[in-house]
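As provided, structure-v2.pdb (PDB, C-alpha atoms and all ligand atoms) reads as follows.
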```pdb
ATOM      1  CA  MET A  26      96.405  92.178  97.569
ATOM      2  CA  LEU A  27      99.709  93.785  98.446
ATOM      3  CA  LEU A  28     102.377  92.911  95.894
ATOM      4  CA  THR A  29     105.982  93.859  95.151
ATOM      5  CA  ILE A  30     106.812  94.405  91.491
ATOM      6  CA  PRO A  31     110.613  94.040  91.337
ATOM      7  CA  ASP A  32     112.940  95.609  88.770
ATOM      8  CA  VAL A  33     110.623  98.115  87.127
ATOM      9  CA  PHE A  34     113.929  99.898  86.421
ATOM     10  CA  SER A  35     117.548  98.698  86.443
ATOM     11  CA  PRO A  36     120.111 100.430  88.711
ATOM     12  CA  GLU A  37     121.457 102.317  85.632
ATOM     13  CA  GLN A  38     117.976 103.538  84.727
ATOM     14  CA  VAL A  39     117.366 104.551  88.351
ATOM     15  CA  ALA A  40     120.588 106.635  88.288
ATOM     16  CA  THR A  41     119.469 108.482  85.118
ATOM     17  CA  ILE A  42     116.012 109.092  86.578
ATOM     18  CA  ARG A  43     117.446 110.331  89.886
ATOM     19  CA  GLN A  44     119.585 112.909  88.073
ATOM     20  CA  LYS A  45     116.484 114.258  86.360
ATOM     21  CA  LEU A  46     114.370 114.263  89.517
ATOM     22  CA  ASP A  47     117.077 115.812  91.679
ATOM     23  CA  SER A  48     117.458 118.744  89.265
ATOM     24  CA  ALA A  49     113.706 119.515  89.108
ATOM     25  CA  GLU A  50     111.968 122.163  91.243
ATOM     26  CA  TRP A  51     110.171 120.707  94.257
ATOM     27  CA  THR A  52     107.163 122.273  95.988
ATOM     28  CA  ASP A  53     104.986 121.580  99.038
ATOM     29  CA  GLY A  54     103.312 118.177  98.630
ATOM     30  CA  ARG A  55      99.996 119.312 100.099
ATOM     31  CA  VAL A  56      98.808 120.578  96.676
ATOM     32  CA  THR A  57      97.546 117.149  95.548
ATOM     33  CA  ALA A  58      96.147 116.016  98.900
ATOM     34  CA  GLY A  59      92.494 115.907  99.939
ATOM     35  CA  HIS A  60      91.268 117.809 103.022
ATOM     36  CA  GLN A  61      92.076 115.131 105.635
ATOM     37  CA  SER A  62      95.313 113.949 104.068
ATOM     38  CA  ALA A  63      96.586 117.534 103.588
ATOM     39  CA  LEU A  64      96.670 117.838 107.374
ATOM     40  CA  ALA A  65      98.649 114.592 107.648
ATOM     41  CA  LYS A  66     101.028 115.272 104.759
ATOM     42  CA  ASN A  67     104.478 116.824 105.077
ATOM     43  CA  ASN A  68     106.705 116.245 102.049
ATOM     44  CA  MET A  69     107.833 117.781  98.782
ATOM     45  CA  GLN A  70     106.592 117.048  95.263
ATOM     46  CA  ILE A  71     107.439 117.880  91.677
ATOM     47  CA  PRO A  72     104.458 119.933  90.431
ATOM     48  CA  GLU A  73     101.858 118.068  88.340
ATOM     49  CA  GLY A  74     102.552 118.524  84.625
ATOM     50  CA  HIS A  75     106.230 119.508  85.155
ATOM     51  CA  PRO A  76     108.271 118.372  82.083
ATOM     52  CA  VAL A  77     110.449 116.056  84.219
ATOM     53  CA  ALA A  78     107.344 114.490  85.807
ATOM     54  CA  LYS A  79     105.837 113.990  82.347
ATOM     55  CA  GLU A  80     109.010 112.449  80.878
ATOM     56  CA  VAL A  81     109.782 110.079  83.751
ATOM     57  CA  GLY A  82     106.048 109.352  84.149
ATOM     58  CA  GLU A  83     105.967 108.141  80.524
ATOM     59  CA  TRP A  84     108.954 105.863  81.167
ATOM     60  CA  ILE A  85     107.168 104.392  84.173
ATOM     61  CA  LEU A  86     103.991 103.712  82.203
ATOM     62  CA  GLN A  87     105.991 102.195  79.344
ATOM     63  CA  SER A  88     107.926  99.895  81.647
ATOM     64  CA  LEU A  89     104.814  98.803  83.544
ATOM     65  CA  GLY A  90     102.870  98.204  80.324
ATOM     66  CA  GLN A  91     105.471  95.576  79.384
ATOM     67  CA  ASN A  92     105.599  94.001  82.839
ATOM     68  CA  PRO A  93     103.521  90.766  82.902
ATOM     69  CA  LEU A  94     103.402  90.658  86.711
ATOM     70  CA  PHE A  95     102.022  94.215  86.909
ATOM     71  CA  VAL A  96      99.501  93.677  84.097
ATOM     72  CA  SER A  97      98.237  90.414  85.613
ATOM     73  CA  ALA A  98      97.961  91.863  89.132
ATOM     74  CA  ALA A  99      96.530  95.306  88.310
ATOM     75  CA  LEU A 100      94.508  94.604  85.140
ATOM     76  CA  PRO A 101      94.929  98.336  84.526
ATOM     77  CA  MET A 102      92.336 100.391  82.685
ATOM     78  CA  LYS A 103      93.516 103.955  83.420
ATOM     79  CA  VAL A 104      96.635 105.111  85.225
ATOM     80  CA  PHE A 105      96.793 108.612  86.713
ATOM     81  CA  PRO A 106      99.997 110.333  85.527
ATOM     82  CA  PRO A 107     102.732 109.420  88.042
ATOM     83  CA  LEU A 108     103.665 112.029  90.658
ATOM     84  CA  PHE A 109     106.986 112.297  92.500
ATOM     85  CA  ASN A 110     107.639 112.917  96.177
ATOM     86  CA  ARG A 111     110.575 113.412  98.499
ATOM     87  CA  TYR A 112     110.785 113.167 102.291
ATOM     88  CA  ALA A 113     113.800 114.428 104.285
ATOM     89  CA  GLY A 114     114.585 116.150 107.598
ATOM     90  CA  GLY A 115     111.926 114.297 109.594
ATOM     91  CA  GLN A 116     109.166 114.672 106.992
ATOM     92  CA  SER A 117     106.389 112.070 107.029
ATOM     93  CA  PHE A 118     102.843 111.387 105.863
ATOM     94  CA  GLY A 119     100.348 110.439 108.578
ATOM     95  CA  THR A 120      97.625 107.807 108.326
ATOM     96  CA  HIS A 121      95.145 108.359 105.481
ATOM     97  CA  VAL A 122      93.133 106.690 102.737
ATOM     98  CA  ASP A 123      93.716 108.004  99.207
ATOM     99  CA  ASN A 124      90.982 110.044  97.516
ATOM    100  CA  ALA A 125      88.584 107.775  95.612
ATOM    101  CA  ILE A 126      88.386 109.913  92.473
ATOM    102  CA  ARG A 127      91.243 111.775  90.784
ATOM    103  CA  HIS A 128      90.557 114.514  88.230
ATOM    104  CA  LEU A 129      93.069 114.977  85.473
ATOM    105  CA  LYS A 130      94.024 118.663  85.669
ATOM    106  CA  GLY A 131      92.692 120.774  82.804
ATOM    107  CA  THR A 132      90.514 117.946  81.424
ATOM    108  CA  THR A 133      87.176 116.321  82.197
ATOM    109  CA  HIS A 134      88.855 112.917  82.691
ATOM    110  CA  ARG A 135      88.517 111.103  85.984
ATOM    111  CA  VAL A 136      90.281 108.052  87.386
ATOM    112  CA  ARG A 137      88.821 105.948  90.204
ATOM    113  CA  SER A 138      91.672 104.865  92.447
ATOM    114  CA  ASP A 139      91.392 101.097  92.880
ATOM    115  CA  LEU A 140      95.124 100.549  93.341
ATOM    116  CA  SER A 141      97.910 102.735  94.721
ATOM    117  CA  ALA A 142     101.598 102.344  93.930
ATOM    118  CA  THR A 143     104.915 103.592  95.267
ATOM    119  CA  LEU A 144     107.980 103.132  93.057
ATOM    120  CA  PHE A 145     111.187 103.675  95.030
ATOM    121  CA  PHE A 146     114.019 105.783  93.568
ATOM    122  CA  SER A 147     116.208 105.838  96.718
ATOM    123  CA  SER A 148     117.945 102.721  97.951
ATOM    124  CA  PRO A 149     117.162 101.749 101.568
ATOM    125  CA  GLU A 150     120.773 102.519 102.629
ATOM    126  CA  GLU A 151     120.355 106.170 101.611
ATOM    127  CA  TYR A 152     117.882 107.010 104.372
ATOM    128  CA  ASP A 153     116.583 106.028 107.796
ATOM    129  CA  GLY A 154     112.840 105.714 108.440
ATOM    130  CA  GLY A 155     110.484 106.350 105.534
ATOM    131  CA  GLU A 156     108.783 102.947 105.711
ATOM    132  CA  LEU A 157     105.414 102.830 103.984
ATOM    133  CA  ILE A 158     103.078 101.226 106.535
ATOM    134  CA  ILE A 159      99.990  99.662 104.982
ATOM    135  CA  GLU A 160      97.054  98.238 106.933
ATOM    136  CA  ASP A 161      94.911  95.611 105.274
ATOM    137  CA  THR A 162      92.534  92.906 106.463
ATOM    138  CA  TYR A 163      95.508  90.633 107.212
ATOM    139  CA  GLY A 164      97.425  93.078 109.383
ATOM    140  CA  ILE A 165     100.045  95.789 109.141
ATOM    141  CA  HIS A 166     102.801  95.669 106.524
ATOM    142  CA  SER A 167     106.007  97.706 106.527
ATOM    143  CA  VAL A 168     107.396  98.353 103.049
ATOM    144  CA  LYS A 169     110.856  99.679 102.167
ATOM    145  CA  LEU A 170     112.102  98.407  98.820
ATOM    146  CA  PRO A 171     115.298  98.605  96.752
ATOM    147  CA  ALA A 172     115.444 101.436  94.227
ATOM    148  CA  GLY A 173     113.644 100.467  91.018
ATOM    149  CA  HIS A 174     111.120  98.226  92.821
ATOM    150  CA  MET A 175     107.461  99.071  93.327
ATOM    151  CA  VAL A 176     104.698  98.159  95.747
ATOM    152  CA  LEU A 177     101.096  97.839  94.605
ATOM    153  CA  TYR A 178      98.271  97.905  97.188
ATOM    154  CA  PRO A 179      94.510  98.504  97.341
ATOM    155  CA  SER A 180      93.694 102.227  97.527
ATOM    156  CA  SER A 181      91.100 101.400 100.173
ATOM    157  CA  SER A 182      93.905 100.622 102.674
ATOM    158  CA  LEU A 183      94.868 102.966 105.494
ATOM    159  CA  HIS A 184      98.541 103.849 105.050
ATOM    160  CA  LYS A 185     101.258 106.232 106.209
ATOM    161  CA  VAL A 186     104.952 107.038 105.661
ATOM    162  CA  LEU A 187     107.136 107.141 108.775
ATOM    163  CA  PRO A 188     109.424 110.152 109.346
ATOM    164  CA  VAL A 189     112.656 110.167 107.318
ATOM    165  CA  THR A 190     115.289 110.919 109.944
ATOM    166  CA  ARG A 191     118.428 110.667 107.771
ATOM    167  CA  GLY A 192     118.992 111.212 104.048
ATOM    168  CA  ALA A 193     116.137 111.520 101.560
ATOM    169  CA  ARG A 194     113.466 109.153 100.271
ATOM    170  CA  VAL A 195     112.569 109.891  96.651
ATOM    171  CA  SER A 196     109.797 107.962  94.931
ATOM    172  CA  SER A 197     107.011 108.056  92.430
ATOM    173  CA  PHE A 198     103.465 107.477  93.602
ATOM    174  CA  PHE A 199     100.334 107.057  91.545
ATOM    175  CA  TRP A 200      96.881 105.564  91.348
ATOM    176  CA  MET A 201      95.110 103.432  88.838
ATOM    177  CA  GLN A 202      91.646 102.271  87.909
ATOM    178  CA  SER A 203      91.483  98.557  87.277
ATOM    179  CA  MET A 204      89.243  96.751  84.806
ATOM    180  CA  VAL A 205      88.228  94.705  87.884
ATOM    181  CA  ARG A 206      87.152  97.051  90.649
ATOM    182  CA  ASP A 207      86.894  94.547  93.498
ATOM    183  CA  ASP A 208      90.207  93.649  95.132
ATOM    184  CA  GLY A 209      89.018  90.132  96.089
ATOM    185  CA  ALA A 210      87.907  89.341  92.527
ATOM    186  CA  ARG A 211      91.130  90.782  91.100
ATOM    187  CA  THR A 212      93.222  88.689  93.501
ATOM    188  CA  LEU A 213      91.359  85.500  92.474
ATOM    189  CA  LEU A 214      92.042  86.277  88.817
ATOM    190  CA  PHE A 215      95.717  86.903  89.560
ATOM    191  CA  ASP A 216      96.035  83.569  91.397
ATOM    192  CA  LEU A 217      94.180  81.763  88.624
ATOM    193  CA  ASP A 218      96.374  83.356  85.953
ATOM    194  CA  ASN A 219      99.484  82.144  87.791
ATOM    195  CA  VAL A 220      98.136  78.586  88.126
ATOM    196  CA  ALA A 221      96.989  78.496  84.486
ATOM    197  CA  GLN A 222     100.426  79.643  83.359
ATOM    198  CA  SER A 223     102.311  77.107  85.459
ATOM    199  CA  VAL A 224     100.003  74.256  84.351
ATOM    200  CA  GLY A 225     100.507  75.371  80.742
ATOM    201  CA  ALA A 226     104.274  75.858  81.064
ATOM    202  CA  ALA A 227     105.110  72.379  79.747
ATOM    203  CA  ASP A 228     102.347  72.270  77.122
ATOM    204  CA  VAL A 229     100.060  75.256  76.641
ATOM    205  CA  ASN A 230      97.605  73.045  74.717
ATOM    206  CA  ALA A 231      97.312  70.345  77.403
ATOM    207  CA  PRO A 232      93.561  69.868  78.174
ATOM    208  CA  ASN A 233      93.828  71.174  81.766
ATOM    209  CA  ALA A 234      95.840  74.211  80.669
ATOM    210  CA  VAL A 235      93.214  75.027  78.028
ATOM    211  CA  LYS A 236      90.424  74.567  80.601
ATOM    212  CA  LEU A 237      92.094  76.831  83.170
ATOM    213  CA  THR A 238      92.821  79.500  80.560
ATOM    214  CA  GLY A 239      89.166  79.303  79.516
ATOM    215  CA  ILE A 240      87.965  79.705  83.117
ATOM    216  CA  TYR A 241      90.270  82.718  83.544
ATOM    217  CA  HIS A 242      88.883  84.474  80.482
ATOM    218  CA  ASN A 243      85.295  83.603  81.296
ATOM    219  CA  LEU A 244      85.623  85.048  84.800
ATOM    220  CA  LEU A 245      87.360  88.124  83.400
ATOM    221  CA  ARG A 246      84.475  88.497  80.922
ATOM    222  CA  ARG A 247      82.014  88.458  83.862
ATOM    223  CA  TRP A 248      83.908  90.841  86.075
ATOM    224  CA  ALA A 249      85.766  93.295  83.847
ATOM    225  CA  GLU A 250      84.510  96.781  82.927
ATOM    226  CA  VAL A 251      86.250  98.103  79.828
TER     227      VAL A 251
HETATM  228  O1  LIG A 301     105.196 108.169  99.610
HETATM  229  C1  LIG A 301     104.526 107.140  99.597
HETATM  230  O2  LIG A 301     105.023 105.996  99.558
HETATM  231  C2  LIG A 301     103.020 107.202  99.664
HETATM  232  C3  LIG A 301     102.450 108.544  99.352
HETATM  233  C4  LIG A 301     101.004 108.583  99.634
HETATM  234  O3  LIG A 301     100.473 107.793 100.369
HETATM  235  C5  LIG A 301     100.165 109.593  98.978
HETATM  236  O4  LIG A 301     100.698 110.527  98.359
HETATM  237  O5  LIG A 301      98.933 109.478  99.056
HETATM  238 FE    FE A 302      98.383 107.806 100.089
END
```
Could the structure of this file be written out as structure tokens, please?
Ligand SMILES: O=C(O)CCC(=O)C(=O)O
Ligand SMILES: [Fe+2]
Amino acid sequence: MLLTIPDVFSPEQVATIRQKLDSAEWTDGRVTAGHQSALAKNNMQIPEGHPVAKEVGEWILQSLGQNPLFVSAALPMKVFPPLFNRYAGGQSFGTHVDNAIRHLKGTTHRVRSDLSATLFFSSPEEYDGGELIIEDTYGIHSVKLPAGHMVLYPSSSLHKVLPVTRGARVSSFFWMQSMVRDDGARTLLFDLDNVAQSVGAADVNAPNAVKLTGIYHNLLRRWAEV
């Protein structure tokens, strides 16, 4: 499932975050890429573990943790600390699939990337190009969102970022391991959660609402790893 999560941050919050990001030191983005993607990648990043990355990363995780749409769609178990990238002057990222396993630097912790996310911190008017192109079983999707909005997509998808030919595209990107590994199963649960909630909107204790909620939890019990 490819899903937009709107308004992770308000325009005021985006402005504060941009000030912090713009004043950080940026280095070659190839440091966090795998062998194939390093050859395709041409952008800048804030180094992993940089204080600004840690601070803004925490804000992102806090905001997402309170976002019902994100929680229902991702069923997150572990989120890799958010990273930050910037493309300008024709920079791009060619077609690749994200590494399956991410090691947390300096620890023995690992995160399996089930879902990938890009959270935009530049508004679309600030730059030309820079679309995130995602291929899934239903075709090719071009994603360019307002600042503060995020796209969530299966890490198994081929994707690329088109060259930024004017201005700069600043965003956060990160990966997460879901309690439900399979994208198809996770999508069914997300759809079921939405239906159960709309059926229960008038009366959460109506027999059909209780039944649907029960089915949701019983499927989650079958499919979730915790
Ligand atoms: O910049 C983006 O939107 C995606 C970045 C990306 O695909 C990656 O770093 O693996
Ligand atoms: Fe990627």
task: Name the residues, by chain letter and number, that sit within 6 Å of ligand LIG 301 (chain A) using only C-alpha atoms and all ligand atoms, and give them as a ChimeraX atom specification.
output: /A:123,143,157,198
Produce a file of the selected residues containing C-alpha atoms, as a compact mmCIF listing (two decimals), in the coordinates of the input.
```
# COMPACT_ATOMS: atom_id res chain seq x y z
CA ASP A 123 93.72 108.00 99.21
CA THR A 143 104.92 103.59 95.27
CA LEU A 157 105.41 102.83 103.98
CA PHE A 198 103.46 107.48 93.60
```
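Take the PyMOL selection byres (((chain A and resi 158) around 8) and not hetatm) and apply it to this file: it picks Glu156, Leu157, Ile159, Glu160, Ile165, His166, Ser167, Val168, His184, Lys185, Val186 and Leu187 of chain A.
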Can you spit out the residues from that selection as a tab-separated table (two decimals), in the frame of the given file, using C-alpha atoms?
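Contents of the output file result-v1.tsv:
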```
chain	number	residue	atom	x	y	z
A	156	GLU	CA	108.78	102.95	105.71
A	157	LEU	CA	105.41	102.83	103.98
A	159	ILE	CA	99.99	99.66	104.98
A	160	GLU	CA	97.05	98.24	106.93
A	165	ILE	CA	100.04	95.79	109.14
A	166	HIS	CA	102.80	95.67	106.52
A	167	SER	CA	106.01	97.71	106.53
A	168	VAL	CA	107.40	98.35	103.05
A	184	HIS	CA	98.54	103.85	105.05
A	185	LYS	CA	101.26	106.23	106.21
A	186	VAL	CA	104.95	107.04	105.66
A	187	LEU	CA	107.14	107.14	108.78
```
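Take the PyMOL selection byres (((not hetatm)) within 9 of (chain A and resi 302)) and apply it to this file: it picks Ala58, Ser62, Phe118, Thr120, His121, Val122, Asp123, Asn124, Ser141, Ala142, Ser180, Ser182, Leu183, His184, Lys185, Val186, Phe198 and Phe199 of chain A.
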Now that the selection is made, can you save its residues with C-alpha atoms as a CSV table (one decimal), in the frame of the given file?
```csv
chain,number,residue,atom,x,y,z
A,58,ALA,CA,96.1,116.0,98.9
A,62,SER,CA,95.3,113.9,104.1
A,118,PHE,CA,102.8,111.4,105.9
A,120,THR,CA,97.6,107.8,108.3
A,121,HIS,CA,95.1,108.4,105.5
A,122,VAL,CA,93.1,106.7,102.7
A,123,ASP,CA,93.7,108.0,99.2
A,124,ASN,CA,91.0,110.0,97.5
A,141,SER,CA,97.9,102.7,94.7
A,142,ALA,CA,101.6,102.3,93.9
A,180,SER,CA,93.7,102.2,97.5
A,182,SER,CA,93.9,100.6,102.7
A,183,LEU,CA,94.9,103.0,105.5
A,184,HIS,CA,98.5,103.8,105.0
A,185,LYS,CA,101.3,106.2,106.2
A,186,VAL,CA,105.0,107.0,105.7
A,198,PHE,CA,103.5,107.5,93.6
A,199,PHE,CA,100.3,107.1,91.5
```
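Computed from the coordinates, the atom CA of Ile42 of chain A to atom CA of Ser117 of chain A distance equals 22.8 Å.
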- prompt: If you measure from atom CA of Thr29 of chain A to atom CA of Ala99 of chain A, what distance in Å do you get, rounded to one decimal?
  reply: 11.8 Å
All file atoms of segment 225-232 of chain A boxed axis-aligned, 8 Å per side, centre plus edges, as AutoDock Vina command-line options:
```
--center_x 99.3 --center_y 72.9 --center_z 77.9 --size_x 27.5 --size_y 22.0 --size_z 22.3
```
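In this structure, atom CA of Phe95 of chain A sits 24.8 Å away from atom CA of Asn230 of chain A.
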Which residues fall under the PyMOL selection byres (((chain A and resi 150) around 12) and not hetatm) in this file, as a compact mmCIF listing (two decimals) with C-alpha atoms, in the coordinates of the input?
```txt
# COMPACT_ATOMS: atom_id res chain seq x y z
CA PHE A 146 114.02 105.78 93.57
CA SER A 147 116.21 105.84 96.72
CA SER A 148 117.94 102.72 97.95
CA PRO A 149 117.16 101.75 101.57
CA GLU A 151 120.36 106.17 101.61
CA TYR A 152 117.88 107.01 104.37
CA ASP A 153 116.58 106.03 107.80
CA GLY A 154 112.84 105.71 108.44
CA GLY A 155 110.48 106.35 105.53
CA LYS A 169 110.86 99.68 102.17
CA LEU A 170 112.10 98.41 98.82
CA PRO A 171 115.30 98.60 96.75
CA ALA A 172 115.44 101.44 94.23
CA ARG A 191 118.43 110.67 107.77
CA GLY A 192 118.99 111.21 104.05
CA ALA A 193 116.14 111.52 101.56
CA ARG A 194 113.47 109.15 100.27
```
